[in-house]
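See below for run.pdb, which holds PDB, C-alpha atoms, pLDDT in the B column.
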```
ATOM      1  CA  MET A   9     -29.422 -51.498 -77.781  1.00 52.00           C
ATOM      2  CA  ASP A  10     -33.149 -50.685 -77.670  1.00 52.00           C
ATOM      3  CA  LEU A  11     -32.465 -46.970 -77.334  1.00 52.00           C
ATOM      4  CA  ALA A  12     -30.021 -47.007 -80.261  1.00 60.00           C
ATOM      5  CA  LEU A  13     -32.511 -48.796 -82.508  1.00 57.00           C
ATOM      6  CA  ARG A  14     -35.307 -46.465 -81.442  1.00 57.00           C
ATOM      7  CA  ASP A  15     -33.129 -43.449 -82.188  1.00 64.00           C
ATOM      8  CA  LEU A  16     -32.611 -44.826 -85.687  1.00 64.00           C
ATOM      9  CA  GLY A  17     -36.360 -44.813 -86.205  1.00 67.00           C
ATOM     10  CA  PHE A  18     -37.161 -48.513 -85.712  1.00 66.00           C
ATOM     11  CA  ASP A  19     -40.677 -49.257 -84.520  1.00 67.00           C
ATOM     12  CA  PRO A  20     -40.913 -50.853 -81.015  1.00 68.00           C
ATOM     13  CA  SER A  21     -42.738 -53.857 -82.471  1.00 68.00           C
ATOM     14  CA  MET A  22     -39.845 -54.341 -84.914  1.00 67.00           C
ATOM     15  CA  ILE A  23     -37.371 -54.167 -82.013  1.00 70.00           C
ATOM     16  CA  GLY A  24     -39.412 -56.775 -80.126  1.00 71.00           C
ATOM     17  CA  ALA A  25     -39.447 -59.036 -83.189  1.00 69.00           C
ATOM     18  CA  LEU A  26     -35.656 -58.751 -83.504  1.00 68.00           C
ATOM     19  CA  HIS A  27     -35.215 -59.662 -79.823  1.00 68.00           C
ATOM     20  CA  ASP A  28     -37.494 -62.684 -80.222  1.00 69.00           C
ATOM     21  CA  MET A  29     -35.612 -63.777 -83.346  1.00 66.00           C
ATOM     22  CA  PHE A  30     -32.230 -63.569 -81.602  1.00 69.00           C
ATOM     23  CA  ASP A  31     -33.576 -65.448 -78.588  1.00 66.00           C
ATOM     24  CA  PHE A  32     -34.936 -68.179 -80.873  1.00 54.00           C
ATOM     25  CA  MET A  33     -31.597 -68.408 -82.669  1.00 54.00           C
ATOM     26  CA  ASP A  34     -29.845 -68.857 -79.308  1.00 53.00           C
ATOM     27  CA  GLU A  35     -32.067 -71.762 -78.381  1.00 51.00           C
ATOM     28  CA  THR A  36     -31.676 -73.601 -81.699  1.00 50.00           C
ATOM     29  CA  ALA A  37     -28.076 -72.904 -82.734  1.00 50.00           C
ATOM     30  CA  GLU A  38     -25.229 -74.982 -81.374  1.00 52.00           C
ATOM     31  CA  GLN A  39     -22.713 -72.909 -79.471  1.00 50.00           C
ATOM     32  CA  LYS A  40     -18.957 -73.273 -79.506  1.00 51.00           C
ATOM     33  CA  PRO A  41     -17.731 -74.476 -76.117  1.00 56.00           C
ATOM     34  CA  GLN A  42     -15.255 -71.627 -75.633  1.00 65.00           C
ATOM     35  CA  HIS A  43     -17.891 -68.863 -75.912  1.00 75.00           C
ATOM     36  CA  PRO A  44     -20.665 -68.355 -73.365  1.00 75.00           C
ATOM     37  CA  SER A  45     -24.164 -68.702 -74.773  1.00 79.00           C
ATOM     38  CA  ARG A  46     -26.509 -65.762 -75.124  1.00 74.00           C
ATOM     39  CA  ALA A  47     -28.797 -67.453 -72.601  1.00 73.00           C
ATOM     40  CA  TYR A  48     -25.931 -67.551 -70.075  1.00 71.00           C
ATOM     41  CA  ILE A  49     -25.113 -63.889 -70.716  1.00 74.00           C
ATOM     42  CA  ARG A  50     -28.807 -62.954 -70.455  1.00 69.00           C
ATOM     43  CA  ASP A  51     -29.114 -64.847 -67.160  1.00 71.00           C
ATOM     44  CA  SER A  52     -25.986 -63.253 -65.699  1.00 74.00           C
ATOM     45  CA  LYS A  53     -27.256 -59.780 -66.702  1.00 72.00           C
ATOM     46  CA  ALA A  54     -30.631 -60.568 -65.138  1.00 72.00           C
ATOM     47  CA  MET A  55     -28.930 -61.664 -61.914  1.00 74.00           C
ATOM     48  CA  ARG A  56     -26.939 -58.423 -61.734  1.00 76.00           C
ATOM     49  CA  ALA A  57     -30.003 -56.299 -62.520  1.00 75.00           C
ATOM     50  CA  THR A  58     -32.288 -57.959 -59.948  1.00 82.00           C
ATOM     51  CA  PRO A  59     -31.798 -56.259 -56.567  1.00 86.00           C
ATOM     52  CA  ALA A  60     -32.147 -58.343 -53.424  1.00 90.00           C
ATOM     53  CA  ASP A  61     -31.568 -58.183 -49.680  1.00 92.00           C
ATOM     54  CA  VAL A  62     -30.757 -61.137 -47.425  1.00 94.00           C
ATOM     55  CA  ILE A  63     -31.595 -60.879 -43.722  1.00 93.00           C
ATOM     56  CA  GLU A  64     -30.666 -63.366 -41.003  1.00 94.00           C
ATOM     57  CA  TYR A  65     -33.015 -63.697 -38.035  1.00 94.00           C
ATOM     58  CA  PRO A  66     -32.399 -65.943 -35.001  1.00 92.00           C
ATOM     59  CA  ASN A  67     -34.701 -68.647 -36.404  1.00 93.00           C
ATOM     60  CA  ALA A  68     -34.862 -67.943 -40.175  1.00 94.00           C
ATOM     61  CA  TYR A  69     -33.316 -66.388 -43.271  1.00 94.00           C
ATOM     62  CA  GLN A  70     -35.333 -63.921 -45.322  1.00 95.00           C
ATOM     63  CA  PHE A  71     -34.707 -63.041 -48.980  1.00 94.00           C
ATOM     64  CA  LEU A  72     -36.317 -59.849 -50.335  1.00 94.00           C
ATOM     65  CA  VAL A  73     -36.270 -59.540 -54.140  1.00 91.00           C
ATOM     66  CA  ASP A  74     -37.590 -56.544 -56.094  1.00 90.00           C
ATOM     67  CA  MET A  75     -39.658 -57.680 -59.088  1.00 86.00           C
ATOM     68  CA  PRO A  76     -41.711 -54.636 -60.140  1.00 86.00           C
ATOM     69  CA  GLY A  77     -44.505 -54.993 -62.650  1.00 83.00           C
ATOM     70  CA  LEU A  78     -44.920 -58.751 -62.178  1.00 85.00           C
ATOM     71  CA  LYS A  79     -47.983 -60.595 -60.971  1.00 87.00           C
ATOM     72  CA  PRO A  80     -47.676 -63.424 -58.426  1.00 88.00           C
ATOM     73  CA  ASP A  81     -48.368 -66.057 -61.112  1.00 88.00           C
ATOM     74  CA  GLN A  82     -45.378 -64.754 -63.139  1.00 89.00           C
ATOM     75  CA  VAL A  83     -42.918 -65.401 -60.285  1.00 91.00           C
ATOM     76  CA  LYS A  84     -41.222 -68.771 -59.776  1.00 92.00           C
ATOM     77  CA  VAL A  85     -39.407 -69.930 -56.626  1.00 93.00           C
ATOM     78  CA  GLN A  86     -37.444 -73.181 -56.933  1.00 92.00           C
ATOM     79  CA  LEU A  87     -34.859 -75.191 -55.033  1.00 92.00           C
ATOM     80  CA  GLU A  88     -32.007 -76.615 -57.145  1.00 91.00           C
ATOM     81  CA  ASP A  89     -29.297 -79.042 -56.053  1.00 89.00           C
ATOM     82  CA  GLU A  90     -30.913 -79.269 -52.586  1.00 87.00           C
ATOM     83  CA  ASN A  91     -29.354 -75.982 -51.392  1.00 89.00           C
ATOM     84  CA  VAL A  92     -29.678 -73.343 -54.155  1.00 92.00           C
ATOM     85  CA  LEU A  93     -32.734 -71.090 -53.948  1.00 93.00           C
ATOM     86  CA  VAL A  94     -33.660 -69.773 -57.425  1.00 92.00           C
ATOM     87  CA  VAL A  95     -36.099 -66.885 -57.850  1.00 91.00           C
ATOM     88  CA  SER A  96     -37.147 -65.961 -61.392  1.00 90.00           C
ATOM     89  CA  GLY A  97     -39.757 -64.151 -63.443  1.00 89.00           C
ATOM     90  CA  GLU A  98     -40.125 -62.301 -66.707  1.00 86.00           C
ATOM     91  CA  ARG A  99     -41.856 -59.086 -67.597  1.00 82.00           C
ATOM     92  CA  LYS A 100     -42.902 -58.791 -71.236  1.00 80.00           C
ATOM     93  CA  ARG A 101     -44.438 -55.974 -73.180  1.00 75.00           C
ATOM     94  CA  GLU A 102     -48.066 -56.448 -74.190  1.00 71.00           C
ATOM     95  CA  LYS A 103     -47.648 -56.913 -77.955  1.00 69.00           C
ATOM     96  CA  GLN A 104     -51.299 -57.700 -78.658  1.00 60.00           C
ATOM     97  CA  LYS A 105     -52.497 -54.428 -77.180  1.00 64.00           C
ATOM     98  CA  GLU A 106     -49.985 -52.459 -79.277  1.00 63.00           C
ATOM     99  CA  GLU A 107     -51.032 -54.093 -82.524  1.00 65.00           C
ATOM    100  CA  LYS A 108     -54.806 -53.906 -81.934  1.00 67.00           C
ATOM    101  CA  GLU A 109     -55.014 -50.364 -80.668  1.00 74.00           C
ATOM    102  CA  GLY A 110     -52.177 -48.832 -82.689  1.00 75.00           C
ATOM    103  CA  ILE A 111     -50.189 -47.896 -79.591  1.00 77.00           C
ATOM    104  CA  LYS A 112     -46.717 -46.491 -80.184  1.00 77.00           C
ATOM    105  CA  TYR A 113     -44.172 -46.033 -77.393  1.00 76.00           C
ATOM    106  CA  LEU A 114     -42.558 -42.594 -77.333  1.00 81.00           C
ATOM    107  CA  ARG A 115     -40.290 -43.424 -74.400  1.00 83.00           C
ATOM    108  CA  MET A 116     -39.569 -46.773 -72.823  1.00 78.00           C
ATOM    109  CA  GLU A 117     -37.480 -46.663 -69.641  1.00 78.00           C
ATOM    110  CA  ARG A 118     -39.088 -49.250 -67.390  1.00 75.00           C
ATOM    111  CA  ARG A 119     -37.297 -52.553 -67.150  1.00 73.00           C
ATOM    112  CA  LEU A 120     -38.503 -55.393 -69.338  1.00 78.00           C
ATOM    113  CA  GLY A 121     -37.092 -58.871 -69.491  1.00 79.00           C
ATOM    114  CA  LYS A 122     -35.978 -61.536 -67.115  1.00 84.00           C
ATOM    115  CA  PHE A 123     -35.627 -61.273 -63.330  1.00 85.00           C
ATOM    116  CA  LEU A 124     -33.325 -63.873 -61.814  1.00 87.00           C
ATOM    117  CA  LYS A 125     -31.529 -64.373 -58.513  1.00 90.00           C
ATOM    118  CA  LYS A 126     -29.768 -67.428 -57.062  1.00 90.00           C
ATOM    119  CA  PHE A 127     -28.863 -67.887 -53.409  1.00 92.00           C
ATOM    120  CA  VAL A 128     -26.739 -70.699 -51.957  1.00 92.00           C
ATOM    121  CA  LEU A 129     -28.423 -71.621 -48.691  1.00 93.00           C
ATOM    122  CA  PRO A 130     -26.370 -72.151 -45.517  1.00 91.00           C
ATOM    123  CA  GLU A 131     -26.028 -75.647 -44.072  1.00 91.00           C
ATOM    124  CA  ASN A 132     -28.463 -74.944 -41.237  1.00 91.00           C
ATOM    125  CA  ALA A 133     -31.292 -73.893 -43.605  1.00 92.00           C
ATOM    126  CA  ASN A 134     -34.345 -76.136 -43.402  1.00 92.00           C
ATOM    127  CA  THR A 135     -35.240 -76.732 -47.061  1.00 90.00           C
ATOM    128  CA  ASP A 136     -38.492 -78.392 -46.014  1.00 92.00           C
ATOM    129  CA  ALA A 137     -39.729 -75.144 -44.416  1.00 91.00           C
ATOM    130  CA  ILE A 138     -39.668 -72.522 -47.194  1.00 93.00           C
ATOM    131  CA  SER A 139     -42.471 -70.001 -47.721  1.00 94.00           C
ATOM    132  CA  ALA A 140     -42.899 -67.174 -50.235  1.00 94.00           C
ATOM    133  CA  ALA A 141     -45.164 -64.110 -50.367  1.00 94.00           C
ATOM    134  CA  PHE A 142     -45.425 -61.493 -53.127  1.00 92.00           C
ATOM    135  CA  GLN A 143     -46.829 -58.025 -52.511  1.00 90.00           C
ATOM    136  CA  ASP A 144     -46.307 -54.602 -54.116  1.00 89.00           C
ATOM    137  CA  GLY A 145     -43.602 -55.881 -56.468  1.00 88.00           C
ATOM    138  CA  VAL A 146     -41.494 -57.379 -53.674  1.00 92.00           C
ATOM    139  CA  LEU A 147     -41.046 -61.123 -53.238  1.00 93.00           C
ATOM    140  CA  VAL A 148     -40.295 -62.246 -49.674  1.00 95.00           C
ATOM    141  CA  VAL A 149     -38.940 -65.792 -49.323  1.00 94.00           C
ATOM    142  CA  THR A 150     -38.498 -67.111 -45.787  1.00 95.00           C
ATOM    143  CA  VAL A 151     -36.326 -70.147 -45.101  1.00 94.00           C
ATOM    144  CA  GLU A 152     -36.457 -71.407 -41.540  1.00 94.00           C
ATOM    145  CA  LYS A 153     -33.310 -72.547 -39.758  1.00 92.00           C
ATOM    146  CA  ARG A 154     -32.821 -76.040 -38.398  1.00 90.00           C
ATOM    147  CA  PRO A 155     -32.406 -76.113 -34.625  1.00 87.00           C
ATOM    148  CA  PRO A 156     -28.745 -76.373 -33.639  1.00 82.00           C
ATOM    149  CA  PRO A 157     -27.658 -79.920 -32.853  1.00 81.00           C
ATOM    150  CA  GLU A 158     -27.520 -80.677 -29.176  1.00 83.00           C
ATOM    151  CA  PRO A 159     -24.005 -81.337 -27.940  1.00 84.00           C
ATOM    152  CA  LYS A 160     -23.382 -85.001 -27.317  1.00 85.00           C
ATOM    153  CA  LYS A 161     -23.116 -85.864 -23.659  1.00 86.00           C
ATOM    154  CA  PRO A 162     -20.381 -88.306 -22.759  1.00 87.00           C
ATOM    155  CA  LYS A 163     -21.687 -91.792 -22.172  1.00 86.00           C
ATOM    156  CA  VAL A 164     -21.183 -92.845 -18.584  1.00 87.00           C
ATOM    157  CA  ILE A 165     -20.358 -96.495 -18.095  1.00 88.00           C
ATOM    158  CA  GLU A 166     -20.893 -97.952 -14.637  1.00 89.00           C
ATOM    159  CA  VAL A 167     -17.907 -99.756 -13.202  1.00 90.00           C
ATOM    160  CA  LYS A 168     -18.818-102.805 -11.142  1.00 88.00           C
ATOM    161  CA  LEU A 169     -16.736-104.783  -8.738  1.00 87.00           C
ATOM    162  CA  GLY A 170     -16.561-108.371  -9.866  1.00 78.00           C
ATOM    163  CA  GLY A 171     -17.809-109.980 -13.014  1.00 60.00           C
ATOM    164  CA  GLY A 172     -21.486-109.513 -12.231  1.00 55.00           C
ATOM    165  CA  GLY A 173     -22.215-113.009 -13.476  1.00 53.00           C
ATOM    166  CA  GLU A 174     -20.229-112.624 -16.668  1.00 53.00           C
ATOM    167  CA  SER A 175     -17.126-114.745 -17.162  1.00 50.00           C
ATOM    168  CA  SER A 176     -14.238-112.562 -18.259  1.00 49.00           C
ATOM    169  CA  GLY A 177     -11.371-114.830 -17.316  1.00 50.00           C
ATOM    170  CA  VAL A 178     -10.334-112.449 -14.497  1.00 49.00           C
ATOM    171  CA  GLN A 179     -10.862-113.525 -10.907  1.00 49.00           C
ATOM    172  CA  GLU A 180     -10.259-111.611  -7.702  1.00 49.00           C
ATOM    173  CA  THR A 181      -8.668-113.379  -4.783  1.00 50.00           C
ATOM    174  CA  HIS A 182      -8.104-112.192  -1.216  1.00 49.00           C
ATOM    175  CA  ASP A 183      -5.123-112.961   0.953  1.00 49.00           C
ATOM    176  CA  GLU A 184      -5.185-113.107   4.714  1.00 51.00           C
ATOM    177  CA  GLY A 185      -4.770-109.330   5.103  1.00 50.00           C
ATOM    178  CA  GLY A 186      -7.892-108.651   3.021  1.00 48.00           C
ATOM    179  CA  ALA A 187      -5.956-107.119   0.106  1.00 49.00           C
ATOM    180  CA  GLY A 188      -7.313-108.166  -3.229  1.00 49.00           C
ATOM    181  CA  GLN A 189      -5.215-109.715  -5.950  1.00 49.00           C
ATOM    182  CA  GLN A 190      -6.302-110.294  -9.534  1.00 50.00           C
ATOM    183  CA  VAL A 191      -5.439-113.610 -11.092  1.00 48.00           C
ATOM    184  CA  GLN A 192      -5.946-114.285 -14.757  1.00 49.00           C
ATOM    185  CA  ASP A 193      -5.842-117.873 -15.917  1.00 49.00           C
ATOM    186  CA  GLY A 194      -3.849-118.903 -12.837  1.00 48.00           C
ATOM    187  CA  THR A 195      -1.143-116.191 -13.189  1.00 48.00           C
ATOM    188  CA  PRO A 196      -0.727-113.859 -10.192  1.00 51.00           C
ATOM    189  CA  GLY A 197      -1.671-110.288 -11.035  1.00 50.00           C
ATOM    190  CA  VAL A 198      -1.300-106.871  -9.492  1.00 50.00           C
ATOM    191  CA  LYS A 199      -2.576-106.145  -6.025  1.00 50.00           C
ATOM    192  CA  THR A 200      -5.494-103.724  -5.878  1.00 50.00           C
ATOM    193  CA  ASP A 201      -6.396-101.535  -2.934  1.00 49.00           C
TER     194      ASP A 201
END
```
For the structure just supplied, provide its representation as structure tokens.
Amino acid sequence: MDLALRDLGFDPSMIGALHDMFDFMDETAEQKPQHPSRAYIRDSKAMRATPADVIEYPNAYQFLVDMPGLKPDQVKVQLEDENVLVVSGERKREKQKEEKEGIKYLRMERRLGKFLKKFVLPENANTDAISAAFQDGVLVVTVEKRPPPEPKKPKVIEVKLGGGGESSGVQETHDEGGAGQQVQDGTPGVKTD
């Protein structure tokens, strides 16, 4: 749309004012539920236009997001819903410089606007161990993995001969041949070897 308006002879500051006005109207006007909002459309366009790589290492996940022209203080890294990593930023044109110095753009091809990317983190991601570094227009977010759970070992229960001092209602008796017989409450039981 910017190129079409520029081709019609509109001044870049006028185009910027129109964009700001439409953005303001989006924020204040109530939207019909069946139509997506301009903010939603803008965010989905920003997500498609923001390139990213995701790398899995043995002990961490690494997210590389291209955000050219931004300074580290213009980049935001957040965690939503306990497992959604959200990376965002916005690059704006310097309007004050244009107005003061009478600057006029003859060509404007570099990307302006919002940068946005959302990543659903895997279950083994440690959300308490997230770090981010920004250098040369590339944001690197590292999310460490939780150690794998150790397999549960079966619980070994020691089998003792006799009650061991506990009264269970089962008694062992011996006949003359030395074979043991269990008797429970006076009823003869099964012979044990």
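For the choices A:Lys112, A:Arg154, A:Arg56, A:Lys168, the atom-to-atom distance to Ala133 of chain A is smallest for A:Arg154 when using only C-alpha atoms.
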Within-10 Å shell of (-39.2, -59.0, -55.1) in input frame, only C-alpha atoms, as a ChimeraX atom specification: /A:58-61,71-76,78,83,95-97,123,125,141-149
d(atom CA of Glu98 of chain A, atom CA of Leu124 of chain A) in Å: 8.5 Å
Separation of atom CA of Asp89 of chain A from atom CA of Val151 of chain A in Å: 15.8 Å
Hey, what comes out of the PyMOL selection byres ((chain A and resi 94) around 9) on this file? Could you write it as a PDB file with C-alpha atoms, in the frame of the given file?
```pdb
ATOM      1  CA  LYS A  84     -41.222 -68.771 -59.776  1.00 92.00           C
ATOM      2  CA  VAL A  85     -39.407 -69.930 -56.626  1.00 93.00           C
ATOM      3  CA  GLN A  86     -37.444 -73.181 -56.933  1.00 92.00           C
ATOM      4  CA  LEU A  87     -34.859 -75.191 -55.033  1.00 92.00           C
ATOM      5  CA  GLU A  88     -32.007 -76.615 -57.145  1.00 91.00           C
ATOM      6  CA  VAL A  92     -29.678 -73.343 -54.155  1.00 92.00           C
ATOM      7  CA  LEU A  93     -32.734 -71.090 -53.948  1.00 93.00           C
ATOM      8  CA  VAL A  95     -36.099 -66.885 -57.850  1.00 91.00           C
ATOM      9  CA  SER A  96     -37.147 -65.961 -61.392  1.00 90.00           C
ATOM     10  CA  LEU A 124     -33.325 -63.873 -61.814  1.00 87.00           C
ATOM     11  CA  LYS A 125     -31.529 -64.373 -58.513  1.00 90.00           C
ATOM     12  CA  LYS A 126     -29.768 -67.428 -57.062  1.00 90.00           C
ATOM     13  CA  PHE A 127     -28.863 -67.887 -53.409  1.00 92.00           C
ATOM     14  CA  VAL A 128     -26.739 -70.699 -51.957  1.00 92.00           C
TER      15      VAL A 128
END
```
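Separating atom CA of Ile111 of chain A from atom CA of Gly24 of chain A is a distance of 14.0 Å.
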Picked residues, the PyMOL selection byres ((chain A and resi 136) around 12), expected as a PyMOL selection string: chain A and resi 87+90-91+132-135+137-139+150-154
Student task, segment 70-166 of chain A output with C-alpha atoms as an mmCIF file, in the first residue's frame:
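Contents of result_18.cif, as written:
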```
data_model
loop_
_atom_site.group_PDB
_atom_site.id
_atom_site.type_symbol
_atom_site.label_atom_id
_atom_site.label_comp_id
_atom_site.auth_asym_id
_atom_site.auth_seq_id
_atom_site.Cartn_x
_atom_site.Cartn_y
_atom_site.Cartn_z
ATOM 1 C CA GLN A 70 17.946 -22.392 20.480
ATOM 2 C CA PHE A 71 15.719 -19.892 18.651
ATOM 3 C CA LEU A 72 17.390 -17.527 16.155
ATOM 4 C CA VAL A 73 15.205 -14.604 15.034
ATOM 5 C CA ASP A 74 16.235 -11.980 12.466
ATOM 6 C CA MET A 75 15.302 -8.480 13.652
ATOM 7 C CA PRO A 76 17.382 -6.081 11.530
ATOM 8 C CA GLY A 77 17.568 -2.418 12.417
ATOM 9 C CA LEU A 78 16.459 -2.878 16.033
ATOM 10 C CA LYS A 79 18.400 -2.044 19.159
ATOM 11 C CA PRO A 80 18.473 -4.465 22.110
ATOM 12 C CA ASP A 81 16.147 -2.215 24.148
ATOM 13 C CA GLN A 82 13.520 -2.424 21.355
ATOM 14 C CA VAL A 83 13.317 -6.236 21.571
ATOM 15 C CA LYS A 84 11.002 -8.023 24.008
ATOM 16 C CA VAL A 85 11.179 -11.703 25.001
ATOM 17 C CA GLN A 86 8.248 -13.021 27.048
ATOM 18 C CA LEU A 87 6.783 -16.308 28.221
ATOM 19 C CA GLU A 88 2.987 -16.627 27.893
ATOM 20 C CA ASP A 89 0.768 -19.413 29.212
ATOM 21 C CA GLU A 90 3.827 -21.077 30.813
ATOM 22 C CA ASN A 91 4.970 -22.666 27.522
ATOM 23 C CA VAL A 92 4.693 -20.085 24.699
ATOM 24 C CA LEU A 93 7.846 -18.094 23.955
ATOM 25 C CA VAL A 94 6.952 -14.711 22.396
ATOM 26 C CA VAL A 95 9.598 -12.564 20.703
ATOM 27 C CA SER A 96 8.572 -9.091 19.528
ATOM 28 C CA GLY A 97 9.873 -5.690 18.510
ATOM 29 C CA GLU A 98 8.974 -2.771 16.299
ATOM 30 C CA ARG A 99 11.015 -0.685 13.931
ATOM 31 C CA LYS A 100 9.650 2.801 13.295
ATOM 32 C CA ARG A 101 10.750 5.537 10.975
ATOM 33 C CA GLU A 102 12.340 8.563 12.625
ATOM 34 C CA LYS A 103 9.590 11.147 12.054
ATOM 35 C CA GLN A 104 11.241 13.923 14.058
ATOM 36 C CA LYS A 105 14.378 13.859 11.942
ATOM 37 C CA GLU A 106 12.323 14.068 8.731
ATOM 38 C CA GLU A 107 10.337 17.070 9.898
ATOM 39 C CA LYS A 108 13.280 19.021 11.365
ATOM 40 C CA GLU A 109 15.753 18.520 8.567
ATOM 41 C CA GLY A 110 13.334 18.424 5.632
ATOM 42 C CA ILE A 111 14.294 14.875 4.679
ATOM 43 C CA LYS A 112 12.256 13.269 1.914
ATOM 44 C CA TYR A 113 12.450 9.558 1.097
ATOM 45 C CA LEU A 114 12.942 8.820 -2.598
ATOM 46 C CA ARG A 115 12.833 5.052 -2.125
ATOM 47 C CA MET A 116 11.817 3.063 0.914
ATOM 48 C CA GLU A 117 12.395 -0.694 0.675
ATOM 49 C CA ARG A 118 13.668 -1.653 4.110
ATOM 50 C CA ARG A 119 11.158 -3.287 6.390
ATOM 51 C CA LEU A 120 9.380 -1.115 8.926
ATOM 52 C CA GLY A 121 6.808 -2.223 11.429
ATOM 53 C CA LYS A 122 6.315 -5.009 13.876
ATOM 54 C CA PHE A 123 8.478 -8.115 14.323
ATOM 55 C CA LEU A 124 6.707 -10.985 16.051
ATOM 56 C CA LYS A 125 7.281 -14.706 16.498
ATOM 57 C CA LYS A 126 5.629 -17.227 18.833
ATOM 58 C CA PHE A 127 7.022 -20.651 19.675
ATOM 59 C CA VAL A 128 5.239 -23.380 21.649
ATOM 60 C CA LEU A 129 7.913 -24.913 23.852
ATOM 61 C CA PRO A 130 8.226 -28.701 24.196
ATOM 62 C CA GLU A 131 7.316 -30.363 27.488
ATOM 63 C CA ASN A 132 10.951 -30.933 28.448
ATOM 64 C CA ALA A 133 11.870 -27.223 28.125
ATOM 65 C CA ASN A 134 13.024 -25.662 31.386
ATOM 66 C CA THR A 135 11.151 -22.341 31.478
ATOM 67 C CA ASP A 136 13.202 -21.248 34.481
ATOM 68 C CA ALA A 137 16.427 -21.381 32.428
ATOM 69 C CA ILE A 138 15.879 -19.034 29.464
ATOM 70 C CA SER A 139 18.541 -16.613 28.221
ATOM 71 C CA ALA A 140 18.567 -14.141 25.327
ATOM 72 C CA ALA A 141 21.352 -12.313 23.471
ATOM 73 C CA PHE A 142 21.025 -9.776 20.645
ATOM 74 C CA GLN A 143 23.868 -9.029 18.248
ATOM 75 C CA ASP A 144 24.074 -7.798 14.641
ATOM 76 C CA GLY A 145 20.295 -7.825 14.191
ATOM 77 C CA VAL A 146 19.913 -11.449 15.292
ATOM 78 C CA LEU A 147 18.215 -12.426 18.544
ATOM 79 C CA VAL A 148 19.364 -15.747 20.020
ATOM 80 C CA VAL A 149 17.102 -17.214 22.715
ATOM 81 C CA THR A 150 18.351 -20.338 24.483
ATOM 82 C CA VAL A 151 15.974 -22.529 26.470
ATOM 83 C CA GLU A 152 17.646 -25.304 28.419
ATOM 84 C CA LYS A 153 16.123 -28.773 28.568
ATOM 85 C CA ARG A 154 15.067 -30.462 31.780
ATOM 86 C CA PRO A 155 17.029 -33.631 32.499
ATOM 87 C CA PRO A 156 15.077 -36.730 31.486
ATOM 88 C CA PRO A 157 13.254 -38.362 34.383
ATOM 89 C CA GLU A 158 15.040 -41.347 35.801
ATOM 90 C CA PRO A 159 13.158 -44.584 35.257
ATOM 91 C CA LYS A 160 11.492 -45.808 38.407
ATOM 92 C CA LYS A 161 13.135 -48.869 39.865
ATOM 93 C CA PRO A 162 10.777 -51.525 41.146
ATOM 94 C CA LYS A 163 10.450 -51.484 44.901
ATOM 95 C CA VAL A 164 11.808 -54.660 46.417
ATOM 96 C CA ILE A 165 9.933 -55.908 49.447
ATOM 97 C CA GLU A 166 11.724 -58.366 51.709
#
```
